file structure08.cif (mmCIF, C-alpha atoms and all ligand atoms)
data_upload
loop_
_atom_site.group_PDB
_atom_site.id
_atom_site.type_symbol
_atom_site.label_atom_id
_atom_site.label_comp_id
_atom_site.auth_asym_id
_atom_site.auth_seq_id
_atom_site.Cartn_x
_atom_site.Cartn_y
_atom_site.Cartn_z
ATOM 1 C CA MET V 214 -24.180 -86.993 -25.082
ATOM 2 C CA GLU V 215 -23.558 -89.524 -22.332
ATOM 3 C CA THR V 216 -26.130 -92.301 -22.476
ATOM 4 C CA THR V 217 -24.458 -95.112 -20.569
ATOM 5 C CA LEU V 218 -23.581 -94.839 -16.894
ATOM 6 C CA GLY V 219 -21.590 -97.349 -14.864
ATOM 7 C CA SER V 220 -23.452 -99.120 -12.064
ATOM 8 C CA LYS V 221 -21.240 -97.421 -9.464
ATOM 9 C CA GLN V 222 -22.133 -94.012 -10.890
ATOM 10 C CA MET V 223 -25.825 -94.907 -10.920
ATOM 11 C CA SER V 224 -25.894 -95.806 -7.244
ATOM 12 C CA GLU V 225 -24.037 -92.744 -5.971
ATOM 13 C CA PRO V 226 -25.807 -89.405 -5.747
ATOM 14 C CA LEU V 227 -24.900 -86.880 -8.424
ATOM 15 C CA LEU V 228 -25.832 -83.860 -6.336
ATOM 16 C CA VAL V 229 -25.789 -83.636 -2.554
ATOM 17 C CA ILE V 230 -26.910 -80.425 -0.906
ATOM 18 C CA ASP V 231 -26.387 -80.353 2.814
ATOM 19 C CA GLY V 232 -27.886 -77.756 5.144
ATOM 20 C CA ILE V 233 -27.795 -74.823 2.744
ATOM 21 C CA ASP V 234 -28.961 -71.373 3.841
ATOM 22 C CA LYS V 235 -29.494 -68.147 1.925
ATOM 23 C CA ASN V 236 -30.031 -64.836 3.673
ATOM 24 C CA PHE V 237 -30.961 -61.630 1.878
ATOM 25 C CA GLY V 238 -30.438 -59.041 4.597
ATOM 26 C CA GLY V 239 -33.084 -59.982 7.148
ATOM 27 C CA VAL V 240 -34.905 -62.413 4.834
ATOM 28 C CA GLN V 241 -33.980 -66.074 5.227
ATOM 29 C CA ALA V 242 -35.002 -67.294 1.770
ATOM 30 C CA VAL V 243 -33.604 -70.834 2.260
ATOM 31 C CA LYS V 244 -33.032 -72.478 5.659
ATOM 32 C CA GLY V 245 -31.070 -75.686 6.253
ATOM 33 C CA LEU V 246 -32.116 -77.322 3.007
ATOM 34 C CA SER V 247 -30.779 -80.829 2.360
ATOM 35 C CA PHE V 248 -31.574 -83.333 -0.372
ATOM 36 C CA SER V 249 -29.790 -85.300 -3.058
ATOM 37 C CA ILE V 250 -30.326 -86.242 -6.681
ATOM 38 C CA LYS V 251 -29.200 -89.469 -8.340
ATOM 39 C CA PRO V 252 -27.980 -89.693 -11.940
ATOM 40 C CA ALA V 253 -30.850 -89.683 -14.465
ATOM 41 C CA GLU V 254 -33.425 -88.968 -11.762
ATOM 42 C CA VAL V 255 -36.276 -86.473 -12.184
ATOM 43 C CA ILE V 256 -36.916 -84.489 -9.002
ATOM 44 C CA GLY V 257 -39.630 -81.896 -8.463
ATOM 45 C CA LEU V 258 -39.206 -78.843 -6.245
ATOM 46 C CA ILE V 259 -42.551 -77.365 -5.267
ATOM 47 C CA GLY V 260 -43.952 -74.914 -2.735
ATOM 48 C CA PRO V 261 -46.030 -71.737 -2.509
ATOM 49 C CA ASN V 262 -44.854 -68.455 -4.033
ATOM 50 C CA GLY V 263 -41.895 -67.049 -2.124
ATOM 51 C CA SER V 264 -41.053 -70.401 -0.495
ATOM 52 C CA GLY V 265 -37.469 -70.347 -1.824
ATOM 53 C CA LYS V 266 -37.640 -72.496 -4.965
ATOM 54 C CA SER V 267 -35.899 -70.085 -7.341
ATOM 55 C CA THR V 268 -33.363 -69.184 -4.667
ATOM 56 C CA SER V 269 -32.556 -72.908 -4.254
ATOM 57 C CA VAL V 270 -31.962 -73.202 -8.010
ATOM 58 C CA ASN V 271 -29.789 -70.074 -7.858
ATOM 59 C CA LEU V 272 -27.699 -71.672 -5.096
ATOM 60 C CA ILE V 273 -27.380 -75.087 -6.755
ATOM 61 C CA SER V 274 -26.475 -73.607 -10.144
ATOM 62 C CA GLY V 275 -23.989 -71.139 -8.639
ATOM 63 C CA THR V 276 -25.975 -68.089 -9.779
ATOM 64 C CA LEU V 277 -25.752 -66.982 -6.125
ATOM 65 C CA PRO V 278 -23.345 -68.129 -3.375
ATOM 66 C CA VAL V 279 -24.751 -69.959 -0.325
ATOM 67 C CA SER V 280 -24.724 -68.206 3.059
ATOM 68 C CA ALA V 281 -24.017 -71.563 4.758
ATOM 69 C CA GLY V 282 -24.005 -75.288 4.012
ATOM 70 C CA SER V 283 -22.396 -77.357 1.289
ATOM 71 C CA ILE V 284 -23.118 -78.399 -2.290
ATOM 72 C CA GLN V 285 -21.376 -81.454 -3.740
ATOM 73 C CA PHE V 286 -21.669 -82.284 -7.417
ATOM 74 C CA ALA V 287 -20.236 -85.394 -9.089
ATOM 75 C CA GLY V 288 -18.145 -86.141 -6.032
ATOM 76 C CA ARG V 289 -16.601 -82.702 -5.447
ATOM 77 C CA SER V 290 -17.494 -79.566 -3.548
ATOM 78 C CA VAL V 291 -18.715 -76.805 -5.860
ATOM 79 C CA ASN V 292 -19.307 -74.219 -3.106
ATOM 80 C CA ALA V 293 -16.462 -72.024 -4.292
ATOM 81 C CA LEU V 294 -17.408 -72.226 -7.985
ATOM 82 C CA ASN V 295 -19.627 -69.718 -9.778
ATOM 83 C CA ILE V 296 -22.182 -70.626 -12.454
ATOM 84 C CA SER V 297 -19.744 -70.480 -15.383
ATOM 85 C CA GLU V 298 -17.372 -72.781 -13.502
ATOM 86 C CA ARG V 299 -20.159 -75.264 -12.705
ATOM 87 C CA VAL V 300 -21.483 -75.580 -16.286
ATOM 88 C CA PRO V 301 -18.368 -77.403 -17.603
ATOM 89 C CA LEU V 302 -18.747 -79.928 -14.741
ATOM 90 C CA GLY V 303 -22.210 -80.792 -16.079
ATOM 91 C CA LEU V 304 -24.426 -78.620 -13.874
ATOM 92 C CA THR V 305 -26.628 -76.240 -15.853
ATOM 93 C CA ARG V 306 -29.933 -74.379 -15.611
ATOM 94 C CA THR V 307 -32.652 -72.481 -17.393
ATOM 95 C CA PHE V 308 -34.135 -69.256 -16.069
ATOM 96 C CA GLN V 309 -37.723 -68.562 -14.996
ATOM 97 C CA THR V 310 -37.922 -65.693 -17.468
ATOM 98 C CA THR V 311 -36.701 -66.283 -20.998
ATOM 99 C CA ALA V 312 -33.154 -64.991 -21.425
ATOM 100 C CA LEU V 313 -32.364 -65.317 -25.109
ATOM 101 C CA PHE V 314 -30.394 -63.275 -27.611
ATOM 102 C CA ALA V 315 -33.100 -61.475 -29.618
ATOM 103 C CA GLU V 316 -30.836 -60.757 -32.590
ATOM 104 C CA CYS V 317 -29.787 -64.310 -33.307
ATOM 105 C CA THR V 318 -31.466 -67.323 -34.843
ATOM 106 C CA VAL V 319 -32.698 -70.318 -32.905
ATOM 107 C CA LEU V 320 -29.798 -72.403 -34.271
ATOM 108 C CA GLU V 321 -27.218 -69.719 -33.394
ATOM 109 C CA GLN V 322 -28.596 -69.555 -29.847
ATOM 110 C CA VAL V 323 -27.943 -73.282 -29.344
ATOM 111 C CA LEU V 324 -24.495 -73.030 -30.982
ATOM 112 C CA THR V 325 -23.557 -70.159 -28.650
ATOM 113 C CA ALA V 326 -24.776 -72.076 -25.605
ATOM 114 C CA GLY V 327 -22.680 -75.082 -26.661
ATOM 115 C CA HIS V 328 -19.467 -73.109 -27.051
ATOM 116 C CA THR V 329 -18.257 -74.066 -23.554
ATOM 117 C CA SER V 330 -17.825 -77.620 -24.818
ATOM 118 C CA PHE V 331 -15.869 -76.611 -27.952
ATOM 119 C CA VAL V 332 -12.571 -78.450 -27.926
ATOM 120 C CA THR V 333 -10.735 -76.467 -30.609
ATOM 121 C CA ALA V 334 -8.271 -73.812 -29.446
ATOM 122 C CA PRO V 335 -9.307 -70.204 -30.325
ATOM 123 C CA TRP V 336 -6.292 -69.689 -32.643
ATOM 124 C CA ALA V 337 -7.285 -72.784 -34.619
ATOM 125 C CA ALA V 338 -10.767 -71.324 -35.180
ATOM 126 C CA VAL V 339 -9.186 -68.068 -36.402
ATOM 127 C CA LEU V 340 -6.959 -69.915 -38.862
ATOM 128 C CA ARG V 341 -9.906 -72.112 -39.854
ATOM 129 C CA THR V 342 -7.829 -75.230 -39.821
ATOM 130 C CA LYS V 343 -9.323 -78.483 -40.991
ATOM 131 C CA ALA V 344 -9.796 -79.498 -37.360
ATOM 132 C CA ALA V 345 -11.669 -76.254 -36.630
ATOM 133 C CA ARG V 346 -13.969 -76.738 -39.632
ATOM 134 C CA GLU V 347 -14.670 -80.310 -38.610
ATOM 135 C CA GLU V 348 -15.402 -79.188 -35.068
ATOM 136 C CA GLU V 349 -17.775 -76.508 -36.333
ATOM 137 C CA ALA V 350 -19.613 -79.044 -38.506
ATOM 138 C CA ARG V 351 -19.866 -81.371 -35.513
ATOM 139 C CA GLN V 352 -21.287 -78.570 -33.331
ATOM 140 C CA ARG V 353 -23.851 -77.645 -36.003
ATOM 141 C CA ALA V 354 -24.943 -81.268 -36.355
ATOM 142 C CA LYS V 355 -25.273 -81.498 -32.574
ATOM 143 C CA ALA V 356 -27.275 -78.242 -32.419
ATOM 144 C CA HIS V 357 -29.607 -79.505 -35.164
ATOM 145 C CA GLU V 358 -30.052 -82.789 -33.304
ATOM 146 C CA LEU V 359 -30.934 -80.909 -30.079
ATOM 147 C CA LEU V 360 -33.469 -78.722 -31.912
ATOM 148 C CA GLN V 361 -35.010 -81.871 -33.373
ATOM 149 C CA PHE V 362 -35.069 -83.403 -29.870
ATOM 150 C CA VAL V 363 -36.956 -80.465 -28.313
ATOM 151 C CA GLY V 364 -39.263 -80.055 -31.337
ATOM 152 C CA LEU V 365 -37.826 -76.838 -32.804
ATOM 153 C CA ALA V 366 -36.242 -78.156 -36.012
ATOM 154 C CA ASP V 367 -38.804 -76.276 -38.121
ATOM 155 C CA VAL V 368 -37.874 -72.883 -36.658
ATOM 156 C CA ALA V 369 -34.066 -73.324 -36.596
ATOM 157 C CA ASP V 370 -33.495 -70.352 -38.908
ATOM 158 C CA GLN V 371 -36.001 -67.955 -37.312
ATOM 159 C CA LEU V 372 -34.965 -65.176 -34.937
ATOM 160 C CA THR V 373 -35.399 -66.122 -31.269
ATOM 161 C CA SER V 374 -37.653 -63.061 -30.893
ATOM 162 C CA ALA V 375 -39.999 -64.341 -33.633
ATOM 163 C CA ILE V 376 -40.951 -67.677 -32.040
ATOM 164 C CA SER V 377 -43.689 -68.214 -29.432
ATOM 165 C CA SER V 378 -42.970 -67.997 -25.710
ATOM 166 C CA ALA V 379 -43.540 -71.766 -25.377
ATOM 167 C CA GLN V 380 -40.966 -72.301 -28.141
ATOM 168 C CA GLN V 381 -38.571 -69.917 -26.370
ATOM 169 C CA ARG V 382 -38.829 -72.104 -23.268
ATOM 170 C CA LEU V 383 -38.005 -75.195 -25.325
ATOM 171 C CA LEU V 384 -35.073 -73.289 -26.820
ATOM 172 C CA MET V 385 -33.749 -72.563 -23.328
ATOM 173 C CA ILE V 386 -33.855 -76.299 -22.630
ATOM 174 C CA ALA V 387 -32.019 -77.066 -25.895
ATOM 175 C CA SER V 388 -29.431 -74.414 -24.941
ATOM 176 C CA ALA V 389 -28.982 -75.996 -21.515
ATOM 177 C CA LEU V 390 -28.518 -79.423 -23.118
ATOM 178 C CA ALA V 391 -25.890 -78.021 -25.499
ATOM 179 C CA SER V 392 -23.385 -77.874 -22.628
ATOM 180 C CA ASP V 393 -23.627 -81.688 -22.168
ATOM 181 C CA PRO V 394 -25.033 -81.538 -18.625
ATOM 182 C CA LYS V 395 -25.353 -84.360 -16.111
ATOM 183 C CA LEU V 396 -28.041 -82.352 -14.307
ATOM 184 C CA VAL V 397 -30.334 -79.633 -15.648
ATOM 185 C CA LEU V 398 -32.285 -77.314 -13.375
ATOM 186 C CA LEU V 399 -35.544 -76.113 -14.939
ATOM 187 C CA ASP V 400 -37.206 -73.129 -13.249
ATOM 188 C CA GLU V 401 -40.896 -73.080 -14.253
ATOM 189 C CA PRO V 402 -40.387 -74.456 -17.777
ATOM 190 C CA ALA V 403 -44.163 -74.671 -18.398
ATOM 191 C CA ALA V 404 -44.913 -71.018 -17.612
ATOM 192 C CA GLY V 405 -47.185 -69.635 -20.332
ATOM 193 C CA MET V 406 -47.752 -73.042 -21.910
ATOM 194 C CA VAL V 407 -51.181 -74.421 -22.818
ATOM 195 C CA ALA V 408 -52.176 -77.997 -21.876
ATOM 196 C CA LYS V 409 -50.972 -79.537 -25.147
ATOM 197 C CA GLU V 410 -47.576 -77.826 -24.834
ATOM 198 C CA ARG V 411 -47.278 -78.990 -21.221
ATOM 199 C CA LYS V 412 -47.905 -82.581 -22.340
ATOM 200 C CA GLU V 413 -45.089 -82.257 -24.870
ATOM 201 C CA LEU V 414 -42.854 -80.761 -22.182
ATOM 202 C CA SER V 415 -43.583 -83.770 -19.924
ATOM 203 C CA ARG V 416 -42.486 -86.087 -22.718
ATOM 204 C CA LEU V 417 -39.374 -83.978 -23.301
ATOM 205 C CA ILE V 418 -38.378 -84.101 -19.617
ATOM 206 C CA MET V 419 -38.702 -87.891 -19.654
ATOM 207 C CA GLY V 420 -36.682 -87.937 -22.882
ATOM 208 C CA ILE V 421 -33.909 -85.949 -21.159
ATOM 209 C CA ARG V 422 -33.865 -88.502 -18.344
ATOM 210 C CA ASP V 423 -33.718 -91.304 -20.930
ATOM 211 C CA ARG V 424 -30.481 -89.724 -22.183
ATOM 212 C CA GLY V 425 -28.987 -90.307 -18.729
ATOM 213 C CA ILE V 426 -29.404 -86.699 -17.574
ATOM 214 C CA ALA V 427 -30.919 -85.837 -14.175
ATOM 215 C CA VAL V 428 -33.563 -83.087 -14.031
ATOM 216 C CA LEU V 429 -34.656 -80.835 -11.177
ATOM 217 C CA VAL V 430 -37.913 -79.157 -12.116
ATOM 218 C CA ILE V 431 -39.735 -76.313 -10.394
ATOM 219 C CA GLU V 432 -43.323 -76.101 -11.542
ATOM 220 C CA HIS V 433 -46.713 -74.842 -10.429
ATOM 221 C CA HIS V 434 -48.584 -77.324 -12.585
ATOM 222 C CA MET V 435 -49.139 -80.270 -10.272
ATOM 223 C CA GLY V 436 -50.213 -82.443 -13.196
ATOM 224 C CA LEU V 437 -46.818 -82.066 -14.846
ATOM 225 C CA ILE V 438 -44.899 -82.545 -11.571
ATOM 226 C CA MET V 439 -46.869 -85.659 -10.591
ATOM 227 C CA GLU V 440 -46.431 -87.129 -14.064
ATOM 228 C CA VAL V 441 -42.682 -86.683 -14.562
ATOM 229 C CA CYS V 442 -41.112 -86.750 -11.082
ATOM 230 C CA GLU V 443 -39.851 -89.824 -9.297
ATOM 231 C CA ARG V 444 -39.461 -87.785 -6.104
ATOM 232 C CA ILE V 445 -40.707 -84.400 -4.962
ATOM 233 C CA VAL V 446 -39.218 -81.993 -2.409
ATOM 234 C CA VAL V 447 -41.660 -79.525 -0.869
ATOM 235 C CA LEU V 448 -40.590 -76.137 0.471
ATOM 236 C CA ASN V 449 -42.484 -73.769 2.735
ATOM 237 C CA PHE V 450 -40.954 -70.547 4.098
ATOM 238 C CA GLY V 451 -37.508 -71.662 2.851
ATOM 239 C CA GLN V 452 -37.578 -75.021 4.626
ATOM 240 C CA LYS V 453 -38.151 -78.548 3.398
ATOM 241 C CA ILE V 454 -41.455 -79.749 4.835
ATOM 242 C CA ALA V 455 -41.755 -83.013 2.903
ATOM 243 C CA GLU V 456 -39.969 -85.293 0.461
ATOM 244 C CA GLY V 457 -41.347 -88.382 -1.249
ATOM 245 C CA THR V 458 -42.941 -89.995 -4.250
ATOM 246 C CA PRO V 459 -45.840 -88.200 -5.966
ATOM 247 C CA ALA V 460 -48.295 -90.514 -4.144
ATOM 248 C CA GLU V 461 -46.670 -89.786 -0.763
ATOM 249 C CA ILE V 462 -46.669 -86.037 -1.405
ATOM 250 C CA ARG V 463 -50.317 -86.049 -2.475
ATOM 251 C CA ALA V 464 -51.272 -87.770 0.780
ATOM 252 C CA ASN V 465 -48.995 -85.736 3.099
ATOM 253 C CA PRO V 466 -51.130 -83.611 5.493
ATOM 254 C CA ALA V 467 -48.404 -80.961 5.953
ATOM 255 C CA VAL V 468 -48.205 -80.505 2.188
ATOM 256 C CA ILE V 469 -51.946 -80.362 1.723
ATOM 257 C CA ASP V 470 -52.104 -77.813 4.510
ATOM 258 C CA ALA V 471 -49.180 -75.601 3.463
ATOM 259 C CA TYR V 472 -49.445 -75.860 -0.258
ATOM 260 C CA LEU V 473 -52.198 -77.736 -1.988
ATOM 261 C CA GLY V 474 -54.830 -76.644 0.504
ATOM 262 C CA GLY V 475 -53.694 -73.053 0.848
ATOM 263 C CA ALA V 476 -52.752 -72.126 -2.715
ATOM 264 C CA HIS V 477 -55.377 -74.115 -4.617
HETATM 265 P P1 LIG V 501 -40.104 -68.918 -5.114
HETATM 266 O O1 LIG V 501 -39.255 -69.169 -6.315
HETATM 267 O O2 LIG V 501 -40.423 -70.149 -4.343
HETATM 268 O O3 LIG V 501 -41.344 -68.161 -5.453
HETATM 269 P P2 LIG V 501 -37.926 -67.198 -4.248
HETATM 270 O O4 LIG V 501 -36.788 -68.110 -4.066
HETATM 271 O O5 LIG V 501 -37.949 -66.357 -5.476
HETATM 272 O O6 LIG V 501 -39.297 -67.987 -4.083
HETATM 273 O O7 LIG V 501 -37.988 -66.192 -3.009
HETATM 274 C C1 LIG V 501 -37.869 -66.642 -1.657
HETATM 275 C C2 LIG V 501 -37.811 -65.429 -0.742
HETATM 276 O O8 LIG V 501 -36.576 -64.743 -0.930
HETATM 277 C C3 LIG V 501 -38.896 -64.401 -0.997
HETATM 278 O O9 LIG V 501 -39.272 -63.839 0.261
HETATM 279 C C4 LIG V 501 -38.219 -63.377 -1.864
HETATM 280 O O10 LIG V 501 -38.804 -62.105 -1.723
HETATM 281 C C5 LIG V 501 -36.789 -63.402 -1.321
HETATM 282 N N1 LIG V 501 -35.783 -63.081 -2.343
HETATM 283 C C6 LIG V 501 -35.505 -63.800 -3.452
HETATM 284 N N2 LIG V 501 -34.501 -63.250 -4.149
HETATM 285 C C7 LIG V 501 -34.131 -62.141 -3.465
HETATM 286 C C8 LIG V 501 -33.124 -61.129 -3.657
HETATM 287 N N3 LIG V 501 -32.292 -61.164 -4.698
HETATM 288 N N4 LIG V 501 -33.031 -60.150 -2.737
HETATM 289 C C9 LIG V 501 -33.858 -60.122 -1.665
HETATM 290 N N5 LIG V 501 -34.804 -61.036 -1.417
HETATM 291 C C10 LIG V 501 -34.949 -62.036 -2.288
HETATM 292 MG MG MG V 502 -39.573 -68.715 -8.421
#

call {"tool": "encode", "arguments": {"input": "structure08.cif", "output": "structure tokens"}}
result
Amino acid sequence: METTLGSKQMSEPLLVIDGIDKNFGGVQAVKGLSFSIKPAEVIGLIGPNGSGKSTSVNLISGTLPVSAGSIQFAGRSVNALNISERVPLGLTRTFQTTALFAECTVLEQVLTAGHTSFVTAPWAAVLRTKAAREEEARQRAKAHELLQFVGLADVADQLTSAISSAQQRLLMIASALASDPKLVLLDEPAAGMVAKERKELSRLIMGIRDRGIAVLVIEHHMGLIMEVCERIVVLNFGQKIAEGTPAEIRANPAVIDAYLGGAH
């Protein structure tokens, strides 16, 4: 995993989204959204239900194509690339609902997720050459390290269907990290978590950043957002209504009105 970044890389944005729109028939889910993310920065994306947060993550990750606007990642346009073409560039996501393989173990799930970064040719794996065996051992060690990192080492050999929903969310994060991302997009990672689990998730998100990986997090829990994010982007009806530090967002009248005041 990349832990050192050159000073030039640090100063240039990793992700630049510029005026992106998404229309679903007559519904404009995202309208003219622009913001950027620097390497190893933690950004929050908040807003009321239906304000376009998940759609924004779908557009940035390449789950859905944009209707208009541009997305630049690591210095190149990724508009024309789908999700599986963006992952190898270092842009990966988790889903709001857990999407795991029920019939495999926690360790196998992480190994499968990491297969995009396998360097051995398929024929070498079939022949089980020395290089292929070494690569497999390396991948297993990496998967174990990631499970340790997210706090799932104890359940590595359990079926993904047998662990708690909070553990499944941590597993999705480990799976996302297995592709060696530069940016991970987390859509409501704390859903279904109790306070203690949310605290651990906060620490994990800061640990991801400490590895040099940027994080975009969508979350309803203001406590978590305010604790982990350096900057927050606020959406309302598909448009950005505010952007700033947690303190600035807390004090912003438009945010209080549209979001904090209305929804809470
Ligand atoms: P959030 O994640 O902030 O709750 P979403 O991005 O899921 O909001 O939704 C934004 C708007 O786009 C909503 O009005 C929603 O109904 C609509 N929407 C989202 N996905 C689709 C889709 N696949 N087809 C049609 N409308 C959609
Ligand atoms: Mg959503």

call {"tool": "residues_near_point", "arguments": {"input": "structure08.cif", "point": "(-28.3, -79.6, 1.0)", "cutoff": "12 Å", "atoms": "all atoms listed in the file", "output": "ChimeraX atom specification"}}
result
/V:228-235,243-250,269-270,272-273,279,281-286,290,292,446,452-453

call {"tool": "atom_distance", "arguments": {"input": "structure08.cif", "atom1": "atom CA of Ala403 of chain V", "atom2": "atom CA of Leu258 of chain V"}}
result
13.8 Å

call {"tool": "residues_near_ligand", "arguments": {"input": "structure08.cif", "ligand": "ligand MG 502 (chain V)", "cutoff": "8 Å", "atoms": "all atoms listed in the file", "output": "number ranges by chain"}}
result
V: 262-263, 265-268, 309, 400-401, 431

call {"tool": "closest_residue", "arguments": {"input": "structure08.cif", "among": "V:Gly425, V:Gly420, V:Pro252, V:Pro402", "to": "Leu359 of chain V", "atoms": "all atoms listed in the file"}}
result
V:Gly420

call {"tool": "closest_residue", "arguments": {"input": "structure08.cif", "among": "V:Leu304, V:Ala379, V:Leu390, V:Met419", "to": "Thr325 of chain V", "atoms": "only C-alpha atoms"}}
result
V:Leu390

call {"tool": "atom_distance", "arguments": {"input": "structure08.cif", "atom1": "atom CA of Gln241 of chain V", "atom2": "atom CA of Ala455 of chain V"}}
result
18.8 Å

call {"tool": "resolve_selection", "arguments": {"input": "structure08.cif", "expression": "the PyMOL selection byres (((chain V and resi 432) around 12) and not hetatm)", "output": "PDB file with C-alpha atoms, in the frame of the given file"}}
result
ATOM      1  CA  ILE V 256     -36.916 -84.489  -9.002  1.00  0.00           C
ATOM      2  CA  GLY V 257     -39.630 -81.896  -8.463  1.00  0.00           C
ATOM      3  CA  LEU V 258     -39.206 -78.843  -6.245  1.00  0.00           C
ATOM      4  CA  ILE V 259     -42.551 -77.365  -5.267  1.00  0.00           C
ATOM      5  CA  GLY V 260     -43.952 -74.914  -2.735  1.00  0.00           C
ATOM      6  CA  PRO V 261     -46.030 -71.737  -2.509  1.00  0.00           C
ATOM      7  CA  ASN V 262     -44.854 -68.455  -4.033  1.00  0.00           C
ATOM      8  CA  LYS V 266     -37.640 -72.496  -4.965  1.00  0.00           C
ATOM      9  CA  SER V 267     -35.899 -70.085  -7.341  1.00  0.00           C
ATOM     10  CA  GLN V 309     -37.723 -68.562 -14.996  1.00  0.00           C
ATOM     11  CA  LEU V 398     -32.285 -77.314 -13.375  1.00  0.00           C
ATOM     12  CA  LEU V 399     -35.544 -76.113 -14.939  1.00  0.00           C
ATOM     13  CA  ASP V 400     -37.206 -73.129 -13.249  1.00  0.00           C
ATOM     14  CA  GLU V 401     -40.896 -73.080 -14.253  1.00  0.00           C
ATOM     15  CA  PRO V 402     -40.387 -74.456 -17.777  1.00  0.00           C
ATOM     16  CA  ALA V 403     -44.163 -74.671 -18.398  1.00  0.00           C
ATOM     17  CA  ALA V 404     -44.913 -71.018 -17.612  1.00  0.00           C
ATOM     18  CA  GLY V 405     -47.185 -69.635 -20.332  1.00  0.00           C
ATOM     19  CA  MET V 406     -47.752 -73.042 -21.910  1.00  0.00           C
ATOM     20  CA  ARG V 411     -47.278 -78.990 -21.221  1.00  0.00           C
ATOM     21  CA  LEU V 414     -42.854 -80.761 -22.182  1.00  0.00           C
ATOM     22  CA  SER V 415     -43.583 -83.770 -19.924  1.00  0.00           C
ATOM     23  CA  LEU V 429     -34.656 -80.835 -11.177  1.00  0.00           C
ATOM     24  CA  VAL V 430     -37.913 -79.157 -12.116  1.00  0.00           C
ATOM     25  CA  ILE V 431     -39.735 -76.313 -10.394  1.00  0.00           C
ATOM     26  CA  HIS V 433     -46.713 -74.842 -10.429  1.00  0.00           C
ATOM     27  CA  HIS V 434     -48.584 -77.324 -12.585  1.00  0.00           C
ATOM     28  CA  MET V 435     -49.139 -80.270 -10.272  1.00  0.00           C
ATOM     29  CA  GLY V 436     -50.213 -82.443 -13.196  1.00  0.00           C
ATOM     30  CA  LEU V 437     -46.818 -82.066 -14.846  1.00  0.00           C
ATOM     31  CA  ILE V 438     -44.899 -82.545 -11.571  1.00  0.00           C
ATOM     32  CA  MET V 439     -46.869 -85.659 -10.591  1.00  0.00           C
ATOM     33  CA  GLU V 440     -46.431 -87.129 -14.064  1.00  0.00           C
ATOM     34  CA  VAL V 441     -42.682 -86.683 -14.562  1.00  0.00           C
ATOM     35  CA  CYS V 442     -41.112 -86.750 -11.082  1.00  0.00           C
ATOM     36  CA  ILE V 445     -40.707 -84.400  -4.962  1.00  0.00           C
ATOM     37  CA  VAL V 446     -39.218 -81.993  -2.409  1.00  0.00           C
ATOM     38  CA  VAL V 447     -41.660 -79.525  -0.869  1.00  0.00           C
TER      39      VAL V 447
END

call {"tool": "resolve_selection", "arguments": {"input": "structure08.cif", "expression": "the PyMOL selection byres (((chain V and resi 375) around 12) and not hetatm)", "output": "VMD selection string"}}
result
chain V and resid 313 to 319 368 to 374 376 to 381

call {"tool": "closest_residue", "arguments": {"input": "structure08.cif", "among": "V:Val363, V:Ile469, V:Ala389, V:Leu320", "to": "Glu410 of chain V", "atoms": "only C-alpha atoms"}}
result
V:Val363

call {"tool": "closest_residue", "arguments": {"input": "structure08.cif", "among": "V:Leu383, V:Asn271, V:His357, V:Arg341", "to": "ligand LIG 501 (chain V)", "atoms": "only C-alpha atoms and all ligand atoms"}}
result
V:Asn271

call {"tool": "axis_aligned_box", "arguments": {"input": "structure08.cif", "around": "ligand LIG 501 (chain V)", "padding_each_side": "5 Å", "output": "lines of an AutoDock Vina configuration file"}}
result
center_x = -36.8
center_y = -65.1
center_z = -3.0
size_x = 19.1
size_y = 20.0
size_z = 16.6

call {"tool": "closest_residue", "arguments": {"input": "structure08.cif", "among": "V:Ile454, V:Leu448, V:Ala344, V:Val428", "to": "ligand LIG 501 (chain V)", "atoms": "all atoms listed in the file"}}
result
V:Leu448

call {"tool": "atom_distance", "arguments": {"input": "structure08.cif", "atom1": "atom CA of Ala356 of chain V", "atom2": "atom CA of Leu324 of chain V"}}
result
6.1 Å

call {"tool": "residues_around", "arguments": {"input": "structure08.cif", "residues": "Gly275 of chain V", "least_positions_apart": "4", "cutoff": "7 Å", "atoms": "only C-alpha atoms", "output": "PyMOL selection string"}}
result
chain V and resi 271+294-296+299

call {"tool": "closest_residue", "arguments": {"input": "structure08.cif", "among": "V:Ala467, V:Ala387, V:Ser280, V:Gly451", "to": "ligand LIG 501 (chain V)", "atoms": "only C-alpha atoms and all ligand atoms"}}
result
V:Gly451

call {"tool": "decode", "arguments": {"input": "structure08.cif", "residues": "segment 304-309 of chain V", "atoms": "N, CA and C atoms", "output": "CSV table (one decimal), in the first residue's frame"}}
result
chain,number,residue,atom,x,y,z
V,304,LEU,N,-9.6,4.1,-7.8
V,304,LEU,CA,-10.8,4.8,-7.4
V,304,LEU,C,-11.8,3.7,-7.1
V,305,THR,N,-12.2,3.5,-5.9
V,305,THR,CA,-13.1,2.4,-5.5
V,305,THR,C,-14.1,2.8,-4.5
V,306,ARG,N,-15.1,2.0,-4.3
V,306,ARG,CA,-16.3,2.3,-3.4
V,306,ARG,C,-16.8,1.2,-2.6
V,307,THR,N,-17.6,1.5,-1.6
V,307,THR,CA,-18.4,0.5,-1.0
V,307,THR,C,-19.9,0.9,-1.3
V,308,PHE,N,-20.8,-0.1,-1.1
V,308,PHE,CA,-22.2,0.2,-1.4
V,308,PHE,C,-23.0,0.4,-0.1
V,309,GLN,N,-24.1,1.1,-0.2
V,309,GLN,CA,-24.9,1.5,0.9
V,309,GLN,C,-25.5,0.2,1.5
